[in-house]
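Inspection log for the structure reproduced underneath, given as structure tokens.
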Amino acid sequence: MPIIEVKNILKQYKIMEKNDGLLGYFKNLIKPQYKKITAVNNINFEIEEGELVGYIGENGAGKSTTIKMLTGLLTPTSGKIVVNGLVPNEKRIQNNKNIGAVFGQKTQLWWDLPVIESFRLIKKMFKIPENEYRKNLKKFTEILDLEELLDKQVKNLSLGQKMRCEIAATFLHNPKIVYLDEPTIGLDVFVKENIRKFIKEINKEKKTTVILTTHDLKDIEDVCDRIILLDKGQIIYDGDKQKFKDIYGKYILAELIVSSKNLDIANNINSNNFEIIEENENKLKIKFKHDETTIVKIMNDISKYCVIEDIHMKESELEDILKEIYKGAYRDDKNNDSTSKDAI
Amino acid sequence: MIKTMIALAKMQFKQYNIYKSNFYLFTLNRIVEVIVYIFVWQAIYYQTGDAGGFTIAEMTTYYILVITFSSFALWGINEDIAHSIRNGQINRELLNPISYFKYYFGVNLGELTFAAVIGLATFIICSFFWQLVLPTNLINFILCIFIMLLGVPITFFIQMIVGTVGFYTSSIWGMQILRKAIIQIFSGIIAPITLFPLWFQELSKWLPFKELIYTPVSIWLGNTQMNEIFFVIIKQIVWGIILYFIARIFFNHAVKNITINGG
Ligand SMILES: Nc1ncnc2c1ncn2[C@@H]1O[C@H](COP(=O)(O)OP(=O)(O)OP(=O)(O)O)[C@@H](O)[C@H]1O
Ligand SMILES: [Mg+2]
């Protein structure tokens with residue numbers, strides 16, 4: 001049985017429409033007018049225990065809204081969510097016992113007190129048995145390198161130090177499910193790596209289910225097995241990470257350094273095998289599919305218009321793929337095989 | 001559950017205690033208040049030969065006790081709650097495995113413990129400088145403390161209500177002032193209730209504020225009858241229950257709003 005079930009979830013926010021001026025002010029007072037924003041539009045997914053899911057999408061796609069509904073902080077407008085056998089917004093406190101959550105910059109640590117005090121409070125609140133607490137604390141301290149931090153006041157910690165402590169606090173009570181909403185925002189690469197390593201290790205050891213939203217796709221590359229891609233409140237891909245790359249990642253990107261270019265190549269060249277996505281005085285960015293053409297052919301075409309000095313090529317990474325998707329490249333053939341919703 | 005609340009109270013207490021200067025400043029503040037009140041009443045006494053029906057020693061004791069108890073009646077967590085609602089911290093606190101009410105009740109206990117410590121320090125220091133009237137017997141002393149403790153849930157629920165207003169308006173400043181003013185007037189901080197007009201005394205008899213300070217002090221001084229004490233205890237319990245439900249309904253309404261409209 002899946003640990004998280006999301007069925008036909010719709011979430012609309014009602015926001016007041018502001019009328020301008022004094023008259024508008026009174027209009028608002030007497031009869032406020034509301035506008036509805038659909039943040040999440042009819043999404044469905046199921047997550048099994050122990051899965052590491054990357055929940056990604058552009059700013060405003062509806063990721064945080066979904067996470068808040070899963071934690072019970074938001075009530076869906078319609079549809080059904082069952083987490084671990086409970087409807088989160090109806091049985092919030094009971095549900096809280098099984099979950100952990102990190103929301104970007106918000107902290108559950110007490111600002112003026114040493115970190116360890118907050119940990120002790122969590123131990124009391126969640127009734128964590130003494131030996132379990134000790135064991136976790138030792139392990140977390142090791143992986144996240146907290147030794148020096150535990151006795152410091154939270155307000156004196158740097159962002160990265162705070163986030164490491166926050167992550168530790170979130171996993172302290174052995175939650176079955178952990179929601180991480182942008183846990184790596186604003187952190188340096190080392191701290192990011194540290195946190196990724198931690199998530200993977202805990203998941204391996206305790207089968208903790210983790211749902212992670214992030215804009216750093218390295219997080220996803222490194223941690224997640226499965227991707228759910230959200231676009232304007234709708235899921236446009238749900239399935240295996242590798243498969244995602246295979247389906248969308250058939251493009252190759254090439255960057256050509258050129259000279260003696262005297263006209264706008266993109267407008268003059270006549271080719272449907274490749275696409276010039278960026279062009280300036282001495283640089284061309286090109287995208288093509290390896291089964292349709294080769295770089296040699298392309299270079300041949302282009303060299304008619306300029307001198308090619310140098311070339312760099314790379315296979316598309318998650319980030320490039322997503323850029324393409326966000327730009328709408330795939331929206332047209334959405335009904336074709338490419339966006340097949342991978343069965344779970 | 002109790003353990004969690006004690007842990008929370010300890011956290012809040014420590015949070016204050018991090019700044020040791022807090023303690024000295026607050027205590028000093030209280031002592032200055034005591035001095036001001038006592039000087040004013042001494043002046044009145046020497047001018048008119050009367051201090052609202054009290055002897056000057058009783059009046060001195062009255063004010064020292066009032067100030068000793070006052071932080072206990074006035075302090076609390078409504079600012080914290082309003083803050084938590086405004087900056088979205090409430091979303092974190094709603095994810096705790098205990099209810100928001102219990103969580104903040106624990107925090108409030110820590111706050112009140114700190115208030116009690118300051119009160120005690122004020123009392124001890126004042127007792128060096130002024131001759132105090134002591135309770136005539138132990139029962140009176142116990143009843144005095146007991147009635148005061150009955151006020152703890154009452155002030156807490158009022159704080160919850162005032163704090164929750166923060167959800168509907170951007171500032172609870174006005175409500176704060178109002179809450180403080182009501183408690184200061186009706187609890188006898190400004191002046192003993194007996195000095196106010198009769199209608200005011202009648203009103204304060206039914207409200208729960210007199211018992212935060214005036215009644216305990218008056219029990220201490222041995223001026224309260226047993227049957228009155230009995231009435232007062234029942235009254236406080238009834239008010240506690242009423243305020244609990246009001247706070248609860250009001251707060252649940254706010255939370256419902258948050259979970260529908262987003263925090
Ligand atoms: N409380 C709210 N009231 C009104 N609209 C909201 C509220 N919260 C979010 N929205 C809107 O809902 C949409 C989805 O927001 P959400 O925060 O879920 O996006 P997100 O995917 O988390 O974005 P980001 O990557 O920027 O964090 C946005 O259009 C946003 O403006
Ligand atoms: Mg977000």
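Each chain in the structure tokens gets a letter, A, B, ..., in the order shown, and its residues are numbered from 1; ligands are numbered from 1 in order too.
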
**Asked** Among segment 38-156 of chain B, which ones does DSSP place in alpha helix (DSSP H), written as a ChimeraX atom specification?
**Response** /B:38-48,56-74,78-86,89-93,100-129,138-156

**Report entry** Surrounding residues of segment 84-89 of chain B excluding itself and chain neighbours under 5 positions, 8 Å, only C-alpha atoms, as a ChimeraX atom specification
**Finding:** /A:106-107 /B:164,166-167,170,263

Would you mind exporting the chosen residues as an mmCIF file, in the first residue's frame, restricted to N, CA and C atoms?
data_model
loop_
_atom_site.group_PDB
_atom_site.id
_atom_site.type_symbol
_atom_site.label_atom_id
_atom_site.label_comp_id
_atom_site.auth_asym_id
_atom_site.auth_seq_id
_atom_site.Cartn_x
_atom_site.Cartn_y
_atom_site.Cartn_z
ATOM 1 N N LYS A 106 12.308 28.953 7.279
ATOM 2 C CA LYS A 106 11.645 28.926 8.590
ATOM 3 C C LYS A 106 12.315 27.875 9.466
ATOM 4 N N THR A 107 12.466 28.190 10.728
ATOM 5 C CA THR A 107 13.181 27.239 11.587
ATOM 6 C C THR A 107 12.322 26.771 12.749
ATOM 7 N N THR B 164 -4.698 36.024 18.838
ATOM 8 C CA THR B 164 -5.370 35.569 17.624
ATOM 9 C C THR B 164 -5.902 36.748 16.801
ATOM 10 N N GLY B 166 -4.321 39.102 16.026
ATOM 11 C CA GLY B 166 -3.228 39.345 15.091
ATOM 12 C C GLY B 166 -3.443 38.690 13.743
ATOM 13 N N PHE B 167 -4.285 37.679 13.726
ATOM 14 C CA PHE B 167 -4.565 37.036 12.445
ATOM 15 C C PHE B 167 -5.472 37.908 11.576
ATOM 16 N N SER B 170 -3.379 43.660 11.217
ATOM 17 C CA SER B 170 -1.924 43.551 11.087
ATOM 18 C C SER B 170 -1.230 43.886 12.397
ATOM 19 N N GLY B 263 -1.082 30.420 4.708
ATOM 20 C CA GLY B 263 -0.547 31.243 5.801
ATOM 21 C C GLY B 263 0.167 32.490 5.324
#

Item to check | Neighbours of chain B in chain A at 10 Å, counting only C-alpha atoms, as a PyMOL selection string | outcome: chain A and resi 11-15+65+68-69+71-77+89+92-103+106-108+110-114+117-118+120-127+153

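Residues within 10 Å of Ile195 of chain A, counting only C-alpha atoms and excluding same-chain residues fewer than 3 positions away, are Ile143, Leu144, Gly160, Met163, Arg164, Ile167, Ala168, Pro183, Thr184, Val189, Phe190, Val191, Lys192, Phe198, Ile199, Lys200, Glu201, Asp219 and Val223 of chain A.
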
Please save C-alpha atoms of the selected residues as a PDB file, in the first residue's frame.
ATOM      1  CA  ILE A 143      27.341  12.992   9.209  1.00  0.00           C
ATOM      2  CA  LEU A 144      26.312  16.612   9.401  1.00  0.00           C
ATOM      3  CA  GLY A 160      24.452  26.614   6.311  1.00  0.00           C
ATOM      4  CA  MET A 163      20.197  24.328   7.964  1.00  0.00           C
ATOM      5  CA  ARG A 164      22.351  21.381   9.015  1.00  0.00           C
ATOM      6  CA  ILE A 167      17.764  18.930   9.058  1.00  0.00           C
ATOM      7  CA  ALA A 168      19.020  16.998  12.058  1.00  0.00           C
ATOM      8  CA  PRO A 183      16.296  22.785   1.995  1.00  0.00           C
ATOM      9  CA  THR A 184      19.397  23.743   0.029  1.00  0.00           C
ATOM     10  CA  VAL A 189      28.266  23.345  -2.450  1.00  0.00           C
ATOM     11  CA  PHE A 190      29.858  21.614   0.509  1.00  0.00           C
ATOM     12  CA  VAL A 191      26.876  22.041   2.758  1.00  0.00           C
ATOM     13  CA  LYS A 192      24.608  20.939  -0.071  1.00  0.00           C
ATOM     14  CA  PHE A 198      22.667  12.724   4.966  1.00  0.00           C
ATOM     15  CA  ILE A 199      19.327  12.270   3.243  1.00  0.00           C
ATOM     16  CA  LYS A 200      20.596   9.303   1.266  1.00  0.00           C
ATOM     17  CA  GLU A 201      22.098   7.600   4.269  1.00  0.00           C
ATOM     18  CA  ASP A 219      20.056  17.803  -5.546  1.00  0.00           C
ATOM     19  CA  VAL A 223      19.391  12.164  -4.218  1.00  0.00           C
TER      20      VAL A 223
END

**Item:** Contacts of Arg179 of chain B within 10 Å, only C-alpha atoms, excl. fewer than 4 positions in-chain, as an NGL selection string
**Value:** :B and (74 or 155 or 158-159 or 162 or 173-175 or 183-184)

In Å and to one decimal, atom CA of Ile229 of chain B is distant from atom CA of Asn140 of chain B by 10.3 Å

At a cut-off of 9 Å and counting only C-alpha atoms and all ligand atoms, what residues surround ligand 2? Please answer as a list in words.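 Residues lying within 9 Å of ligand 2: Asn59, Gly60, Ala61, Gly62, Lys63, Ser64, Thr65, Ile67, Phe103, Gly104, Asp181, Glu182, Thr213 and Thr214 of chain A.
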
Find the residues near Lys206 of chain A: any atom within 12 Å, counting only C-alpha atoms, skip ones fewer than 3 places away on the same chain, and give them as a list in words.
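The residues satisfying every condition are Glu49, Gly50, Glu51, Asn136, Phe171, Leu172, His173, Asn174, Pro175, Lys176, Ile177, Val178, Phe198, Ile199, Lys200, Glu201, Ile202, Asn203, Thr209 and Val210 of chain A.
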
**Polymer residues at most 8 Å from Glu5 of chain A, only C-alpha atoms, same-chain spacing of 5 or more positions, as an MDAnalysis selection string** = chainID A and resid 44:47 80:83

Write to file, as a tab-separated table (two decimals), in the first residue's frame, the residues of the selection just made, with N, CA, C and O atoms.
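Result saved to selection_26.tsv:
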chain	number	residue	atom	x	y	z
A	44	ASN	N	-2.52	13.90	-9.33
A	44	ASN	CA	-2.63	12.53	-8.80
A	44	ASN	C	-1.24	11.93	-8.68
A	44	ASN	O	-0.47	12.03	-9.62
A	45	PHE	N	-0.94	11.34	-7.55
A	45	PHE	CA	0.24	10.47	-7.49
A	45	PHE	C	0.20	9.60	-6.25
A	45	PHE	O	-0.58	9.85	-5.33
A	46	GLU	N	1.01	8.57	-6.28
A	46	GLU	CA	1.13	7.70	-5.12
A	46	GLU	C	2.60	7.52	-4.84
A	46	GLU	O	3.41	7.43	-5.77
A	47	ILE	N	2.96	7.50	-3.58
A	47	ILE	CA	4.35	7.32	-3.23
A	47	ILE	C	4.47	6.16	-2.25
A	47	ILE	O	3.71	6.04	-1.29
A	80	LYS	N	-8.63	14.18	-2.59
A	80	LYS	CA	-8.38	13.42	-1.37
A	80	LYS	C	-6.90	13.12	-1.19
A	80	LYS	O	-6.22	12.71	-2.12
A	81	ILE	N	-6.43	13.36	0.02
A	81	ILE	CA	-5.06	13.01	0.34
A	81	ILE	C	-5.08	12.06	1.53
A	81	ILE	O	-5.75	12.33	2.53
A	82	VAL	N	-4.37	10.96	1.39
A	82	VAL	CA	-4.21	10.07	2.54
A	82	VAL	C	-2.72	9.84	2.75
A	82	VAL	O	-2.02	9.42	1.84
A	83	VAL	N	-2.25	10.16	3.93
A	83	VAL	CA	-0.85	9.96	4.26
A	83	VAL	C	-0.77	9.00	5.43
A	83	VAL	O	-1.29	9.28	6.50

Between atom CA of Tyr63 of chain B and atom CA of Gln47 of chain B, what is the spacing in Å?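 For atom CA of Gln47 of chain B relative to atom CA of Tyr63 of chain B, the distance reads 19.1 Å.
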
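DSSP annotation of segment 98-128 of chain A from backbone atoms: strand (DSSP E) residues are Ile99, Gly100, Ala101, Val102 and Phe103 of chain A.
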
Using only C-alpha atoms and all ligand atoms, the best pick from A:Ile257, A:Ile185, A:Ile30, A:Ile220 as closest to ligand 1 would be A:Ile185

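Nearest-residue note for Ile177 of chain B: choosing from B:Ile242, B:Trp41, B:Asn78, B:Asn22, the minimum distance belongs to B:Asn78, counting only C-alpha atoms.
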